[in-house]
file final_29.cif (mmCIF, C-alpha atoms)
data_final
#
loop_
_atom_site.label_atom_id
_atom_site.label_comp_id
_atom_site.auth_asym_id
_atom_site.auth_seq_id
_atom_site.Cartn_x
_atom_site.Cartn_y
_atom_site.Cartn_z
CA MET K 2 -27.66 -48.13 -68.33
CA GLU K 3 -24.60 -49.65 -69.82
CA GLY K 4 -21.40 -47.65 -69.60
CA ARG K 5 -22.63 -45.39 -66.80
CA HIS K 6 -20.72 -45.33 -63.57
CA PHE K 7 -22.09 -43.72 -60.46
CA THR K 8 -19.89 -42.72 -57.58
CA THR K 9 -20.95 -42.91 -53.98
CA ARG K 10 -20.34 -39.84 -51.85
CA LYS K 11 -17.94 -40.36 -49.00
CA ARG K 12 -19.83 -40.61 -45.73
CA LEU K 13 -18.95 -37.66 -43.49
CA ARG K 14 -20.54 -39.04 -40.31
CA LEU K 15 -20.05 -42.25 -38.38
CA ARG K 16 -22.94 -44.47 -39.35
CA GLU K 17 -24.22 -45.52 -35.91
CA PHE K 18 -22.93 -42.68 -33.74
CA ASP K 19 -25.34 -40.50 -31.73
CA TYR K 20 -24.11 -36.93 -32.31
CA SER K 21 -26.31 -35.58 -29.51
CA GLN K 22 -24.11 -37.18 -26.85
CA PRO K 23 -22.21 -34.76 -24.60
CA TYR K 24 -18.80 -35.29 -26.21
CA ALA K 25 -16.63 -32.48 -27.52
CA TYR K 26 -16.59 -32.13 -31.30
CA PHE K 27 -13.95 -30.43 -33.43
CA LEU K 28 -15.79 -29.16 -36.51
CA THR K 29 -14.53 -27.61 -39.72
CA ILE K 30 -17.16 -25.96 -41.90
CA CYS K 31 -15.79 -24.98 -45.32
CA CYS K 32 -16.95 -22.41 -47.82
CA LYS K 33 -18.18 -23.73 -51.15
CA ASP K 34 -15.30 -24.12 -53.62
CA LYS K 35 -12.89 -22.72 -50.97
CA ARG K 36 -14.12 -19.17 -51.69
CA ALA K 37 -12.64 -16.52 -49.41
CA ILE K 38 -15.97 -15.04 -48.31
CA PHE K 39 -15.19 -13.86 -44.80
CA VAL K 40 -12.81 -11.00 -45.50
CA GLY K 41 -14.88 -7.99 -44.40
CA GLU K 42 -14.94 -6.77 -40.81
CA GLU K 43 -18.69 -6.09 -40.63
CA LEU K 44 -19.69 -9.50 -42.01
CA ASN K 45 -17.10 -11.32 -39.90
CA LYS K 46 -18.32 -9.67 -36.70
CA ALA K 47 -21.92 -10.58 -37.56
CA VAL K 48 -20.95 -14.20 -38.25
CA CYS K 49 -18.99 -14.43 -34.98
CA TYR K 50 -22.07 -13.15 -33.17
CA THR K 51 -24.14 -15.84 -34.91
CA ILE K 52 -21.73 -18.51 -33.68
CA SER K 53 -22.47 -17.65 -30.05
CA GLU K 54 -26.14 -16.89 -30.70
CA GLU K 55 -26.70 -20.45 -31.99
CA ILE K 56 -24.68 -21.86 -29.08
CA ASP K 57 -26.97 -20.04 -26.64
CA ARG K 58 -30.15 -20.95 -28.53
CA LEU K 59 -29.37 -24.67 -28.39
CA ASN K 60 -27.73 -24.59 -24.94
CA PHE K 61 -24.44 -25.97 -26.29
CA ASP K 62 -20.99 -25.40 -24.80
CA LEU K 63 -18.48 -23.52 -26.98
CA PHE K 64 -14.83 -24.09 -26.16
CA THR K 65 -13.24 -22.21 -29.05
CA TYR K 66 -13.84 -20.95 -32.57
CA CYS K 67 -11.89 -19.39 -35.41
CA LEU K 68 -13.48 -17.83 -38.49
CA MET K 69 -11.04 -17.89 -41.39
CA PRO K 70 -11.64 -16.34 -44.83
CA ASN K 71 -12.80 -19.66 -46.32
CA HIS K 72 -13.70 -21.89 -43.37
CA LEU K 73 -14.70 -22.02 -39.73
CA HIS K 74 -13.25 -24.15 -36.93
CA LEU K 75 -15.34 -24.88 -33.85
CA LEU K 76 -14.72 -26.91 -30.72
CA LEU K 77 -18.08 -27.42 -29.05
CA SER K 78 -20.30 -29.84 -27.18
CA PRO K 79 -24.06 -30.35 -27.04
CA GLY K 80 -23.58 -30.76 -23.29
CA LEU K 81 -26.77 -32.03 -21.72
CA SER K 82 -29.02 -30.46 -24.37
CA ASN K 83 -29.57 -33.82 -26.10
CA THR K 84 -29.48 -31.92 -29.41
CA PRO K 85 -27.52 -33.29 -32.38
CA VAL K 86 -24.52 -31.28 -33.55
CA SER K 87 -26.06 -31.25 -37.03
CA ARG K 88 -28.84 -28.98 -35.74
CA TYR K 89 -26.21 -26.42 -34.68
CA VAL K 90 -24.46 -26.64 -38.05
CA GLN K 91 -27.76 -26.30 -39.94
CA GLY K 92 -28.90 -23.25 -37.94
CA PHE K 93 -25.51 -21.58 -38.13
CA LYS K 94 -25.15 -22.12 -41.88
CA SER K 95 -28.65 -20.84 -42.56
CA LYS K 96 -28.23 -17.63 -40.54
CA SER K 97 -24.67 -16.91 -41.69
CA THR K 98 -25.65 -17.48 -45.33
CA ARG K 99 -28.41 -14.88 -45.03
CA MET K 100 -25.90 -12.47 -43.48
CA ALA K 101 -23.44 -13.06 -46.30
CA TRP K 102 -26.16 -12.36 -48.87
CA MET K 103 -27.08 -9.13 -47.05
CA HIS K 104 -23.40 -8.12 -47.36
CA GLY K 105 -23.34 -8.64 -51.13
CA ILE K 106 -22.11 -12.23 -51.32
CA SER K 107 -23.99 -14.24 -53.94
CA GLY K 108 -24.54 -17.93 -54.43
CA ILE K 109 -23.94 -20.86 -52.15
CA VAL K 110 -21.78 -19.92 -49.17
CA TRP K 111 -21.05 -23.25 -47.47
CA GLN K 112 -20.17 -26.66 -48.81
CA ARG K 113 -22.41 -29.60 -47.98
CA GLY K 114 -22.02 -30.96 -44.44
CA CYS K 115 -18.90 -30.40 -42.39
CA TYR K 116 -15.87 -32.30 -41.18
CA ASP K 117 -16.04 -33.52 -37.62
CA HIS K 118 -13.74 -35.15 -35.14
CA ILE K 119 -15.11 -36.60 -31.93
CA VAL K 120 -12.67 -35.69 -29.18
CA ARG K 121 -11.57 -38.79 -27.33
CA GLY K 122 -10.74 -39.00 -23.65
CA SER K 123 -6.99 -39.10 -24.24
CA GLU K 124 -7.05 -35.88 -26.25
CA SER K 125 -6.65 -32.48 -24.63
CA LEU K 126 -9.34 -29.87 -25.27
CA LEU K 127 -6.78 -27.16 -24.56
CA GLU K 128 -4.38 -28.55 -27.19
CA ILE K 129 -7.13 -28.70 -29.82
CA ALA K 130 -8.35 -25.21 -28.87
CA THR K 131 -4.80 -23.87 -29.10
CA TYR K 132 -4.41 -25.46 -32.53
CA ILE K 133 -7.66 -23.79 -33.65
CA VAL K 134 -6.85 -20.26 -32.46
CA ASN K 135 -3.32 -20.52 -33.91
CA ASN K 136 -4.72 -21.11 -37.40
CA PRO K 137 -4.55 -17.41 -38.43
CA VAL K 138 -0.94 -17.23 -37.22
CA ARG K 139 0.02 -20.34 -39.22
CA LYS K 140 -1.69 -18.90 -42.32
CA GLY K 141 0.05 -15.52 -41.97
CA LEU K 142 -3.14 -13.57 -41.18
CA ALA K 143 -1.94 -12.46 -37.73
CA GLY K 144 1.31 -12.13 -35.81
CA SER K 145 -0.17 -13.71 -32.69
CA ILE K 146 -3.49 -15.16 -31.58
CA ASP K 147 -4.27 -11.89 -29.79
CA ASP K 148 -4.01 -10.00 -33.10
CA TYR K 149 -6.82 -11.93 -34.79
CA PRO K 150 -10.30 -10.59 -33.94
CA TYR K 151 -12.40 -13.48 -35.31
CA SER K 152 -11.50 -16.22 -32.86
CA GLY K 153 -12.00 -16.94 -29.21
CA ILE K 154 -11.20 -19.45 -26.54
CA ASN K 155 -13.24 -20.23 -23.43
CA ASP K 156 -11.33 -19.03 -20.36
CA ASN K 157 -12.36 -22.19 -18.49
CA LEU K 158 -10.02 -24.19 -20.74
CA ILE K 159 -7.05 -22.07 -19.77
CA TYR K 160 -7.50 -21.83 -16.01
#

call {"tool": "encode", "arguments": {"input": "final_29.cif", "output": "structure tokens"}}
result
Amino acid sequence: MEGRHFTTRKRLRLREFDYSQPYAYFLTICCKDKRAIFVGEELNKAVCYTISEEIDRLNFDLFTYCLMPNHLHLLLSPGLSNTPVSRYVQGFKSKSTRMAWMHGISGIVWQRGCYDHIVRGSESLLEIATYIVNNPVRKGLAGSIDDYPYSGINDNLIY
């Protein structure tokens, strides 16, 4: 196959890391082609419900979330569930995609995989959570974090 060049996809996960360990993970799940899909109140509320529904189903811990028009930020942990984070992402994407389709969105909703950051001991969960919930303010979608209805922070991080 002379003249053909194949590119290798960039690996999104650490090769030998066990993503079921009870660390905290900062995830960013992006819409396919950066489409602004989550702009309607009814769909956004349903997707926010799905975030917590999947957390409860898998017995994960959710520290904070923020649903933006074209992506979702999550700070979560599998806790002691011994369940890989990828199972959460897979279940969430599947359910939220069906919801988007029911609300008139067509085609692929989410891009492949997600971006993750394993929170290290020296990093503050509260600082990361604050960064996440301030995203709508930074993007001009809200005047303050209290004005944006599609985000939340676990009270245990604050007190």

call {"tool": "atom_distance", "arguments": {"input": "final_29.cif", "atom1": "atom CA of K:Glu42", "atom2": "atom CA of K:Leu63"}}
result
22.0 Å

call {"tool": "axis_aligned_box", "arguments": {"input": "final_29.cif", "around": "stretch 135-150 of chain K", "padding_each_side": "6 Å", "output": "JSON"}}
result
{"center_x": -4.5, "center_y": -15.6, "center_z": -36.1, "size_x": 23.6, "size_y": 23.1, "size_z": 24.5}

call {"tool": "atom_distance", "arguments": {"input": "final_29.cif", "atom1": "atom CA of K:Arg88", "atom2": "atom CA of K:Tyr66"}}
result
17.3 Å

call {"tool": "atom_distance", "arguments": {"input": "final_29.cif", "atom1": "atom CA of K:Gly92", "atom2": "atom CA of K:Lys33"}}
result
17.0 Å

call {"tool": "resolve_selection", "arguments": {"input": "final_29.cif", "expression": "the PyMOL selection byres ((chain K and resi 47) around 12)", "output": "short mmCIF file (atom, residue, chain, number, x, y, z; two decimals) with C-alpha atoms, in the coordinates of the input"}}
result
data_model
loop_
_atom_site.label_atom_id
_atom_site.label_comp_id
_atom_site.auth_asym_id
_atom_site.auth_seq_id
_atom_site.Cartn_x
_atom_site.Cartn_y
_atom_site.Cartn_z
CA PHE K 39 -15.19 -13.86 -44.80
CA GLY K 41 -14.88 -7.99 -44.40
CA GLU K 42 -14.94 -6.77 -40.81
CA GLU K 43 -18.69 -6.09 -40.63
CA LEU K 44 -19.69 -9.50 -42.01
CA ASN K 45 -17.10 -11.32 -39.90
CA LYS K 46 -18.32 -9.67 -36.70
CA VAL K 48 -20.95 -14.20 -38.25
CA CYS K 49 -18.99 -14.43 -34.98
CA TYR K 50 -22.07 -13.15 -33.17
CA THR K 51 -24.14 -15.84 -34.91
CA ILE K 52 -21.73 -18.51 -33.68
CA SER K 53 -22.47 -17.65 -30.05
CA GLU K 54 -26.14 -16.89 -30.70
CA LEU K 68 -13.48 -17.83 -38.49
CA PHE K 93 -25.51 -21.58 -38.13
CA LYS K 96 -28.23 -17.63 -40.54
CA SER K 97 -24.67 -16.91 -41.69
CA THR K 98 -25.65 -17.48 -45.33
CA ARG K 99 -28.41 -14.88 -45.03
CA MET K 100 -25.90 -12.47 -43.48
CA ALA K 101 -23.44 -13.06 -46.30
CA MET K 103 -27.08 -9.13 -47.05
CA HIS K 104 -23.40 -8.12 -47.36
CA TYR K 151 -12.40 -13.48 -35.31
#

call {"tool": "resolve_selection", "arguments": {"input": "final_29.cif", "expression": "the PyMOL selection byres ((chain K and resi 37) around 9)", "output": "PyMOL selection string"}}
result
chain K and resi 32+35-36+38-40+69-72

call {"tool": "resolve_selection", "arguments": {"input": "final_29.cif", "expression": "the PyMOL selection byres ((chain K and resi 64) around 9)", "output": "PyMOL selection string"}}
result
chain K and resi 25+62-63+65-66+75-78+126-127+130+153-158

call {"tool": "closest_residue", "arguments": {"input": "final_29.cif", "among": "K:Leu73, K:Asp34, K:Tyr26, K:Pro79", "to": "K:Ile56", "atoms": "all atoms listed in the file"}}
result
K:Pro79

call {"tool": "closest_residue", "arguments": {"input": "final_29.cif", "among": "K:Ile109, K:Cys67, K:Val138, K:Ala143", "to": "K:Phe27", "atoms": "all atoms listed in the file"}}
result
K:Cys67

call {"tool": "closest_residue", "arguments": {"input": "final_29.cif", "among": "K:Arg113, K:His118, K:Lys140, K:Lys94", "to": "K:Glu55", "atoms": "only C-alpha atoms"}}
result
K:Lys94

call {"tool": "residues_around", "arguments": {"input": "final_29.cif", "residues": "K:Pro23", "least_positions_apart": "6", "cutoff": "12 Å", "atoms": "only C-alpha atoms", "output": "NGL selection string"}}
result
:K and (60-62 or 77-86 or 119-121)

call {"tool": "build_atoms", "arguments": {"input": "final_29.cif", "residues": "stretch 33-45 of chain K", "atoms": "N, CA and C atoms", "output": "compact mmCIF listing (two decimals), in the frame of the given file"}}
result
# COMPACT_ATOMS: atom_id res chain seq x y z
N LYS K 33 -18.03 -23.05 -49.86
CA LYS K 33 -18.18 -23.73 -51.15
C LYS K 33 -17.03 -23.34 -52.07
N ASP K 34 -16.40 -24.32 -52.67
CA ASP K 34 -15.30 -24.12 -53.62
C ASP K 34 -14.13 -23.33 -53.01
N LYS K 35 -13.99 -23.39 -51.70
CA LYS K 35 -12.89 -22.72 -50.97
C LYS K 35 -12.86 -21.21 -51.20
N ARG K 36 -14.03 -20.62 -51.48
CA ARG K 36 -14.12 -19.17 -51.69
C ARG K 36 -13.75 -18.43 -50.41
N ALA K 37 -12.98 -17.38 -50.54
CA ALA K 37 -12.64 -16.52 -49.41
C ALA K 37 -13.76 -15.50 -49.25
N ILE K 38 -14.77 -15.86 -48.49
CA ILE K 38 -15.97 -15.04 -48.31
C ILE K 38 -15.84 -14.11 -47.11
N PHE K 39 -15.20 -14.59 -46.06
CA PHE K 39 -15.19 -13.86 -44.80
C PHE K 39 -13.93 -13.00 -44.70
N VAL K 40 -13.95 -11.90 -45.45
CA VAL K 40 -12.81 -11.00 -45.50
C VAL K 40 -13.16 -9.58 -45.04
N GLY K 41 -14.45 -9.32 -44.82
CA GLY K 41 -14.88 -7.99 -44.40
C GLY K 41 -15.20 -7.94 -42.92
N GLU K 42 -14.78 -6.88 -42.27
CA GLU K 42 -14.94 -6.77 -40.81
C GLU K 42 -16.41 -6.84 -40.37
N GLU K 43 -17.28 -6.13 -41.05
CA GLU K 43 -18.69 -6.09 -40.63
C GLU K 43 -19.34 -7.48 -40.73
N LEU K 44 -19.14 -8.16 -41.85
CA LEU K 44 -19.69 -9.50 -42.01
C LEU K 44 -19.07 -10.47 -41.00
N ASN K 45 -17.77 -10.40 -40.84
CA ASN K 45 -17.10 -11.32 -39.90
C ASN K 45 -17.60 -11.15 -38.47
